[in-house]
>>> print(open('my_file_23.txt').read())   # compact mmCIF, C-alpha atoms
# COMPACT_ATOMS: atom_id res chain seq x y z
CA MET A 1 105.00 131.16 67.24
CA HIS A 2 106.62 127.72 67.40
CA GLU A 3 108.45 128.61 70.63
CA ILE A 4 105.25 129.97 72.20
CA GLY A 5 103.47 126.73 71.36
CA GLN A 6 106.25 124.68 72.95
CA SER A 7 106.23 126.92 76.02
CA GLY A 8 102.46 126.55 76.44
CA GLU A 9 102.66 122.76 76.02
CA GLN A 10 105.47 122.53 78.56
CA MET A 11 103.52 124.61 81.08
CA TYR A 12 100.49 122.35 80.65
CA ALA A 13 102.63 119.23 81.09
CA GLU A 14 104.07 120.58 84.33
CA GLU A 15 100.62 121.42 85.66
CA ARG A 16 99.36 117.96 84.72
CA GLN A 17 102.33 116.28 86.36
CA SER A 18 101.77 118.31 89.51
CA ALA A 19 98.13 117.20 89.57
CA ILE A 20 99.16 113.57 89.06
CA ALA A 21 101.69 113.77 91.89
CA ASN A 22 98.98 115.19 94.16
CA GLU A 23 96.57 112.42 93.15
CA VAL A 24 99.15 109.78 94.07
CA ARG A 25 99.75 111.43 97.45
CA LEU A 26 96.03 111.42 98.21
CA ARG A 27 95.00 108.03 96.83
CA GLY A 28 98.18 105.99 97.14
CA ARG A 29 97.75 104.41 93.69
CA VAL A 30 96.74 105.63 90.21
CA SER A 31 96.25 103.90 86.89
CA VAL A 32 97.33 105.02 83.44
CA ALA A 33 93.81 104.50 82.06
CA ASP A 34 92.14 106.66 84.72
CA LEU A 35 94.67 109.45 84.35
CA ALA A 36 94.41 109.43 80.56
CA ALA A 37 90.63 109.79 80.78
CA ARG A 38 90.81 112.48 83.45
CA PHE A 39 93.28 114.70 81.57
CA SER A 40 92.07 113.85 78.04
CA VAL A 41 95.49 112.70 76.91
CA THR A 42 96.88 109.45 75.53
CA GLY A 43 98.17 106.63 77.68
CA GLU A 44 101.62 107.21 76.25
CA THR A 45 101.54 110.82 77.49
CA VAL A 46 100.58 109.65 80.97
CA ARG A 47 103.36 107.07 80.96
CA ARG A 48 105.87 109.80 80.08
CA ASP A 49 104.51 111.95 82.92
CA LEU A 50 104.84 109.05 85.36
CA ALA A 51 108.39 108.36 84.20
CA ILE A 52 109.33 111.99 84.87
CA LEU A 53 107.69 111.92 88.31
CA ALA A 54 109.39 108.62 89.15
CA ARG A 55 112.81 110.02 88.26
CA SER A 56 112.16 113.03 90.49
CA GLY A 57 111.19 110.77 93.42
CA HIS A 58 107.48 111.61 93.60
CA LEU A 59 106.20 108.06 93.02
CA VAL A 60 107.09 104.50 92.00
CA ARG A 61 106.03 103.06 88.65
CA VAL A 62 104.14 99.76 88.73
CA HIS A 63 102.38 97.77 86.03
CA GLY A 64 99.49 99.84 84.72
CA GLY A 65 100.17 102.94 86.78
CA ALA A 66 102.05 104.21 89.81
CA VAL A 67 101.96 104.09 93.60
CA ARG A 68 103.01 106.36 96.43
CA LEU A 69 106.50 105.72 97.79
CA ASP A 70 105.26 104.28 101.10
CA VAL A 71 102.98 101.77 99.39
CA ALA A 72 105.41 100.76 96.67
CA ALA A 73 105.53 97.09 95.80
CA VAL A 74 108.42 95.29 97.45
CA VAL A 75 109.61 91.95 96.11
CA ASP A 76 112.15 91.07 98.80
CA GLU A 77 110.93 89.50 102.05
CA PRO A 78 112.57 89.57 105.46
CA ASP A 79 113.58 86.20 106.91
CA LEU A 80 111.19 84.42 109.27
CA VAL A 81 113.36 85.05 112.32
CA VAL A 82 113.41 88.79 111.56
CA ARG A 83 109.64 88.95 111.15
CA GLU A 84 109.09 87.07 114.41
CA GLU A 85 110.88 89.85 116.29
CA THR A 86 109.20 92.72 114.42
CA HIS A 87 106.13 94.27 116.12
CA ARG A 88 106.04 91.31 118.52
CA GLY A 89 103.84 93.08 121.08
CA GLU A 90 101.28 94.16 118.51
CA LYS A 91 101.17 90.69 116.96
CA SER A 92 100.61 89.05 120.35
CA ALA A 93 97.69 91.39 121.09
CA ILE A 94 96.21 90.84 117.61
CA GLY A 95 96.40 87.07 118.03
CA ALA A 96 94.61 87.26 121.38
CA ALA A 97 91.91 89.58 120.00
CA ALA A 98 91.28 87.24 117.07
CA LEU A 99 90.14 84.54 119.49
CA ALA A 100 86.75 86.26 119.53
CA PHE A 101 86.17 84.90 116.02
CA LEU A 102 86.84 81.24 116.74
CA PRO A 103 83.81 79.08 115.94
CA ALA A 104 82.01 77.14 118.65
CA ASP A 105 83.45 73.82 119.82
CA GLY A 106 83.32 71.30 117.02
CA GLY A 107 83.95 73.95 114.38
CA SER A 108 86.69 74.07 111.77
CA ILE A 109 89.27 76.75 111.06
CA VAL A 110 92.02 77.48 108.58
CA ILE A 111 95.14 79.19 109.92
CA ASP A 112 97.53 80.67 107.39
CA ALA A 113 101.28 80.49 107.97
CA GLY A 114 102.68 83.67 109.48
CA THR A 115 104.09 85.25 112.61
CA THR A 116 100.84 87.02 113.54
CA THR A 117 98.64 83.99 112.88
CA LEU A 118 101.09 81.98 115.01
CA GLN A 119 100.18 84.24 117.93
CA LEU A 120 96.55 83.28 117.42
CA ALA A 121 97.46 79.59 117.55
CA LEU A 122 99.43 80.15 120.74
CA SER A 123 96.39 81.86 122.28
CA ILE A 124 93.82 79.12 121.60
CA PRO A 125 92.53 77.77 124.95
CA ALA A 126 93.68 74.31 125.93
CA ASP A 127 90.09 73.06 126.23
CA ALA A 128 89.08 74.16 122.72
CA ARG A 129 87.64 71.47 120.44
CA LEU A 130 88.43 72.47 116.88
CA THR A 131 89.67 71.04 113.62
CA CYS A 132 92.48 73.19 112.26
CA VAL A 133 93.74 73.18 108.68
CA THR A 134 97.07 74.92 108.22
CA ASN A 135 99.97 75.26 105.80
CA SER A 136 102.42 75.89 108.66
CA VAL A 137 104.32 73.09 110.38
CA GLN A 138 105.00 75.43 113.30
CA ILE A 139 101.30 76.25 113.78
CA ALA A 140 100.39 72.57 113.34
CA GLU A 141 102.75 71.64 116.18
CA VAL A 142 101.16 74.26 118.47
CA VAL A 143 97.57 73.17 117.79
CA ALA A 144 98.50 69.48 118.00
CA GLU A 145 99.35 70.05 121.67
CA LEU A 146 95.71 70.94 122.38
CA PRO A 147 94.10 67.71 123.62
CA GLY A 148 90.68 68.38 122.13
CA SER A 149 91.72 69.66 118.72
CA GLY A 150 92.90 68.02 115.53
CA VAL A 151 95.17 69.25 112.76
CA LEU A 152 95.26 68.75 109.00
CA LEU A 153 98.33 69.90 107.07
CA THR A 154 97.77 71.10 103.53
CA GLY A 155 101.00 69.61 102.21
CA GLY A 156 102.89 71.30 99.41
CA ARG A 157 106.31 72.82 98.94
CA LEU A 158 107.78 74.39 102.06
CA ARG A 159 109.15 77.93 101.68
CA PRO A 160 111.92 78.36 104.29
CA LYS A 161 111.62 82.13 103.94
CA THR A 162 108.14 82.13 105.50
CA GLY A 163 107.60 78.61 106.82
CA ALA A 164 104.57 78.25 104.54
CA SER A 165 103.63 75.21 102.48
CA VAL A 166 102.51 76.39 99.06
CA GLY A 167 101.89 75.20 95.53
CA ALA A 168 99.60 72.81 93.66
CA ASP A 169 99.33 70.15 96.39
CA ALA A 170 98.31 72.70 99.02
CA ILE A 171 95.81 74.34 96.68
CA GLU A 172 94.28 71.00 95.70
CA ARG A 173 93.84 70.01 99.36
CA LEU A 174 92.24 73.35 100.20
CA SER A 175 89.84 73.01 97.24
CA ARG A 176 88.23 70.03 99.04
CA ILE A 177 87.77 71.87 102.36
CA ARG A 178 84.96 74.04 103.69
CA ALA A 179 85.89 75.60 107.03
CA SER A 180 83.89 77.94 109.25
CA VAL A 181 86.56 80.62 109.68
CA GLY A 182 89.87 81.36 108.00
CA PHE A 183 92.57 83.39 109.75
CA LEU A 184 94.93 84.87 107.18
CA GLY A 185 98.03 86.98 107.30
CA THR A 186 99.05 89.50 104.67
CA ASN A 187 102.11 91.53 103.75
CA GLY A 188 100.01 94.40 102.48
CA LEU A 189 96.47 95.76 102.51
CA SER A 190 95.34 98.71 100.39
CA LEU A 191 92.05 99.96 98.98
CA GLU A 192 92.86 99.27 95.33
CA HIS A 193 95.33 96.36 95.46
CA GLY A 194 93.55 94.54 98.28
CA LEU A 195 95.49 91.83 100.10
CA SER A 196 98.97 91.23 98.74
CA THR A 197 102.19 89.31 99.22
CA PRO A 198 105.53 89.25 97.36
CA ASP A 199 105.44 85.59 96.26
CA ALA A 200 103.16 84.21 93.53
CA ASP A 201 102.89 80.72 95.06
CA GLU A 202 101.97 82.11 98.47
CA ALA A 203 99.40 84.38 96.83
CA ALA A 204 97.78 81.42 95.06
CA THR A 205 97.69 79.37 98.27
CA LYS A 206 96.20 82.25 100.28
CA ARG A 207 93.59 82.72 97.56
CA ALA A 208 92.63 79.05 97.94
CA MET A 209 92.33 79.55 101.70
CA ILE A 210 89.88 82.40 101.23
CA ALA A 211 87.80 80.22 98.90
CA ALA A 212 87.80 77.41 101.49
CA CYS A 213 86.32 79.51 104.31
CA THR A 214 82.88 80.90 105.05
CA THR A 215 84.31 83.85 107.00
CA THR A 216 87.72 85.45 106.43
CA VAL A 217 89.52 87.18 109.30
CA VAL A 218 92.72 89.00 108.38
CA LEU A 219 95.38 89.49 111.07
CA ALA A 220 97.77 92.32 110.23
CA ASP A 221 99.68 94.84 112.32
CA SER A 222 99.41 98.46 111.20
CA SER A 223 102.75 98.41 109.34
CA LYS A 224 100.98 96.27 106.70
CA ILE A 225 98.13 98.75 106.25
CA ASN A 226 98.03 100.97 103.15
CA ARG A 227 100.94 98.95 101.78
CA GLU A 228 101.13 97.04 98.52
CA GLU A 229 103.20 94.02 97.58
CA LEU A 230 103.69 92.45 94.17
CA MET A 231 100.92 89.81 94.08
CA SER A 232 97.31 90.50 95.06
CA PHE A 233 95.48 87.49 96.48
CA GLY A 234 92.18 89.03 97.52
CA THR A 235 90.00 92.11 97.28
CA LEU A 236 88.39 94.06 100.11
CA GLU A 237 85.17 92.19 99.32
CA ASP A 238 86.93 88.96 100.38
CA VAL A 239 87.58 90.29 103.90
CA ASP A 240 84.98 90.07 106.67
CA VAL A 241 87.13 91.17 109.61
CA LEU A 242 90.47 92.93 110.04
CA VAL A 243 92.21 92.60 113.41
CA THR A 244 94.99 95.16 113.72
CA ASP A 245 96.54 97.58 116.23
CA ALA A 246 95.98 101.22 117.13
CA GLY A 247 98.57 102.39 114.61
CA ILE A 248 96.06 102.11 111.76
CA ASP A 249 95.09 105.45 110.22
CA SER A 250 91.54 106.28 111.36
CA ALA A 251 90.49 107.51 107.91
CA PHE A 252 91.72 104.26 106.33
CA ALA A 253 89.82 102.26 108.97
CA ASP A 254 86.66 104.19 108.06
CA GLU A 255 87.24 103.37 104.40
CA LEU A 256 87.41 99.68 105.29
CA ARG A 257 84.21 99.93 107.34
CA ALA A 258 82.56 101.55 104.32
CA HIS A 259 83.36 98.28 102.53
CA GLU A 260 81.49 96.43 105.32
CA ILE A 261 84.67 95.15 106.93
CA GLU A 262 84.65 94.90 110.71
CA VAL A 263 87.80 96.55 112.03
CA VAL A 264 88.97 95.36 115.43
CA ILE A 265 91.71 97.30 117.23
CA ALA A 266 93.68 94.98 119.52
>>> encode(input="my_file_23.txt", output="structure tokens")
Amino acid sequence: MHEIGQSGEQMYAEERQSAIANEVRLRGRVSVADLAARFSVTGETVRRDLAILARSGHLVRVHGGAVRLDVAAVVDEPDLVVREETHRGEKSAIGAAALAFLPADGGSIVIDAGTTTLQLALSIPADARLTCVTNSVQIAEVVAELPGSGVLLTGGRLRPKTGASVGADAIERLSRIRASVGFLGTNGLSLEHGLSTPDADEAATKRAMIAACTTTVVLADSSKINREELMSFGTLEDVDVLVTDAGIDSAFADELRAHEIEVVIA
């Protein structure tokens, strides 16, 4: 009888693990709490199931749950020069398409540091009259060349890895700003983890940028879509517009539209 009980329990565990693996494939991310409620088991049982599935290569464990392999959190970041050469054509098109969301002359904008947001800065017409707030020296230099526009740098600690100024000084400066439109980059965008980036200081600075803007426009090529990085800095409710390329999955784009996000394909 004891062996039959063990056999039945083992069969149930395998069925449950198969269902969990399928859930991760479909949703991209699952939480221990949700799975425990769904299968009427303890959180510890779910964590053991996730550990088994992680060892067999079905998913990646993260704090509070698990994610699909292709949306697994990645801490390491490529160097700036590498990112500038990656998806260059898509980024150029995204930057040009984002021009549609510039405010009227006399308006104010925030431009986040990043290789895609840089393409926006390079696309701004020479006769534009804007005030630009940025945490990127490179973007500041580009906008400063426009005769009718002015630039404010946020200050802060410069991260050579990304060319972004981050930290308490940048956040404090942004807390005193109210801009019409913010153009932000992101390393990842998913339904449950929202906007994300590997670095905590960059996440905090990006969060302050969102708070400083009336409208938030996210510029991200499709390689960033349905991807999750370590630190979330915004939810889908924080995003008004996503400008991306045709590589975005149509079903995911529909999900974003269901959250009242305007999706623009460059």
>>> atom_distance(input="my_file_23.txt", atom1="atom CA of A:Val239", atom2="atom CA of A:Ser180")
14.0 Å
>>> residues_around(input="my_file_23.txt", residues="A:Gly95", least_positions_apart="2", cutoff="6 Å", atoms="only C-alpha atoms", output="list in words")
Ser92, Ala93, Ala97, Ala98, Gln119 and Leu120 of chain A
>>> residues_around(input="my_file_23.txt", residues="A:Phe233", least_positions_apart="5", cutoff="8 Å", atoms="only C-alpha atoms", output="PyMOL selection string")
chain A and resi 194-197+203-204+206-207
>>> atom_distance(input="my_file_23.txt", atom1="atom CA of A:Glu262", atom2="atom CA of A:Ala100")
12.5 Å
>>> closest_atom_pairs(input="my_file_23.txt", of="stretch 170-189 of chain A", to="stretch 215-231 of chain A", cutoff="12 Å", atoms="all atoms listed in the file", output="JSON lines")
{"residue": "A:Arg178", "atom": "CA", "partner": "A:Thr215", "partner_atom": "CA", "distance": 10.4}
{"residue": "A:Ala179", "atom": "CA", "partner": "A:Thr215", "partner_atom": "CA", "distance": 8.4}
{"residue": "A:Ser180", "atom": "CA", "partner": "A:Thr215", "partner_atom": "CA", "distance": 6.3}
{"residue": "A:Val181", "atom": "CA", "partner": "A:Thr215", "partner_atom": "CA", "distance": 4.8}
{"residue": "A:Gly182", "atom": "CA", "partner": "A:Thr216", "partner_atom": "CA", "distance": 4.9}
{"residue": "A:Phe183", "atom": "CA", "partner": "A:Val217", "partner_atom": "CA", "distance": 4.9}
{"residue": "A:Leu184", "atom": "CA", "partner": "A:Val218", "partner_atom": "CA", "distance": 4.8}
{"residue": "A:Gly185", "atom": "CA", "partner": "A:Leu219", "partner_atom": "CA", "distance": 5.2}
{"residue": "A:Thr186", "atom": "CA", "partner": "A:Ala220", "partner_atom": "CA", "distance": 6.4}
{"residue": "A:Asn187", "atom": "CA", "partner": "A:Lys224", "partner_atom": "CA", "distance": 5.7}
{"residue": "A:Gly188", "atom": "CA", "partner": "A:Arg227", "partner_atom": "CA", "distance": 4.7}
{"residue": "A:Leu189", "atom": "CA", "partner": "A:Ile225", "partner_atom": "CA", "distance": 5.1}
>>> atom_distance(input="my_file_23.txt", atom1="atom CA of A:Val151", atom2="atom CA of A:Leu242")
24.3 Å
>>> closest_residue(input="my_file_23.txt", among="A:Leu99, A:Ala19, A:Ala33, A:Val264", to="A:Asp245", atoms="all atoms listed in the file")
A:Val264
>>> closest_residue(input="my_file_23.txt", among="A:Ala13, A:Gly156, A:Ser108, A:Leu59", to="A:Phe39", atoms="only C-alpha atoms")
A:Ala13
>>> decode(input="my_file_23.txt", residues="stretch 139-161 of chain A", atoms="N, CA, C and O atoms", output="tab-separated table (two decimals), in the first residue's frame")
chain	number	residue	atom	x	y	z
A	139	ILE	N	23.38	62.59	-26.23
A	139	ILE	CA	22.13	63.17	-26.73
A	139	ILE	C	22.12	64.68	-26.51
A	139	ILE	O	21.66	65.44	-27.37
A	140	ALA	N	22.65	65.14	-25.38
A	140	ALA	CA	22.72	66.57	-25.11
A	140	ALA	C	23.53	67.29	-26.19
A	140	ALA	O	23.15	68.37	-26.65
A	141	GLU	N	24.63	66.69	-26.61
A	141	GLU	CA	25.47	67.30	-27.65
A	141	GLU	C	24.72	67.41	-28.98
A	141	GLU	O	24.85	68.40	-29.70
A	142	VAL	N	23.92	66.37	-29.29
A	142	VAL	CA	23.15	66.39	-30.54
A	142	VAL	C	22.11	67.49	-30.51
A	142	VAL	O	21.99	68.30	-31.46
A	143	VAL	N	21.33	67.57	-29.44
A	143	VAL	CA	20.25	68.56	-29.36
A	143	VAL	C	20.82	69.97	-29.24
A	143	VAL	O	20.23	70.94	-29.75
A	144	ALA	N	21.97	70.11	-28.60
A	144	ALA	CA	22.59	71.44	-28.45
A	144	ALA	C	22.96	72.05	-29.80
A	144	ALA	O	23.09	73.28	-29.91
A	145	GLU	N	23.12	71.23	-30.82
A	145	GLU	CA	23.43	71.73	-32.16
A	145	GLU	C	22.21	72.34	-32.85
A	145	GLU	O	22.35	73.01	-33.88
A	146	LEU	N	21.01	72.09	-32.32
A	146	LEU	CA	19.80	72.65	-32.92
A	146	LEU	C	19.65	74.09	-32.46
A	146	LEU	O	19.53	74.36	-31.26
A	147	PRO	N	19.65	75.05	-33.39
A	147	PRO	CA	19.71	76.46	-32.99
A	147	PRO	C	18.54	76.95	-32.17
A	147	PRO	O	18.69	77.88	-31.36
A	148	GLY	N	17.38	76.31	-32.32
A	148	GLY	CA	16.20	76.80	-31.60
A	148	GLY	C	15.87	76.04	-30.34
A	148	GLY	O	14.87	76.33	-29.70
A	149	SER	N	16.69	75.08	-29.97
A	149	SER	CA	16.37	74.22	-28.82
A	149	SER	C	17.41	74.36	-27.71
A	149	SER	O	18.57	74.67	-27.97
A	150	GLY	N	16.96	74.13	-26.50
A	150	GLY	CA	17.85	74.19	-25.35
A	150	GLY	C	17.94	72.84	-24.66
A	150	GLY	O	17.06	71.98	-24.84
A	151	VAL	N	18.99	72.66	-23.87
A	151	VAL	CA	19.23	71.36	-23.23
A	151	VAL	C	19.50	71.55	-21.74
A	151	VAL	O	20.26	72.44	-21.35
A	152	LEU	N	18.90	70.68	-20.94
A	152	LEU	CA	19.22	70.59	-19.51
A	152	LEU	C	19.71	69.18	-19.23
A	152	LEU	O	19.05	68.20	-19.57
A	153	LEU	N	20.89	69.07	-18.63
A	153	LEU	CA	21.41	67.77	-18.22
A	153	LEU	C	20.97	67.47	-16.79
A	153	LEU	O	20.96	68.37	-15.94
A	154	THR	N	20.62	66.23	-16.55
A	154	THR	CA	20.14	65.88	-15.20
A	154	THR	C	21.26	65.86	-14.18
A	154	THR	O	21.01	66.00	-12.98
A	155	GLY	N	22.51	65.67	-14.62
A	155	GLY	CA	23.58	65.46	-13.66
A	155	GLY	C	23.52	64.03	-13.14
A	155	GLY	O	22.70	63.22	-13.57
A	156	GLY	N	24.38	63.72	-12.20
A	156	GLY	CA	24.42	62.38	-11.64
A	156	GLY	C	25.68	61.63	-12.01
A	156	GLY	O	26.57	62.17	-12.67
A	157	ARG	N	25.74	60.39	-11.59
A	157	ARG	CA	26.91	59.55	-11.86
A	157	ARG	C	26.81	58.95	-13.25
A	157	ARG	O	25.79	58.36	-13.61
A	158	LEU	N	27.86	59.07	-14.02
A	158	LEU	CA	27.86	58.56	-15.39
A	158	LEU	C	28.23	57.08	-15.40
A	158	LEU	O	29.26	56.68	-14.87
A	159	ARG	N	27.39	56.26	-16.04
A	159	ARG	CA	27.68	54.84	-16.22
A	159	ARG	C	28.30	54.64	-17.60
A	159	ARG	O	27.61	54.76	-18.63
A	160	PRO	N	29.60	54.35	-17.68
A	160	PRO	CA	30.25	54.16	-18.98
A	160	PRO	C	29.61	53.05	-19.80
A	160	PRO	O	29.61	53.11	-21.03
A	161	LYS	N	29.04	52.07	-19.13
A	161	LYS	CA	28.44	50.92	-19.81
A	161	LYS	C	27.32	51.36	-20.75
A	161	LYS	O	27.13	50.80	-21.83
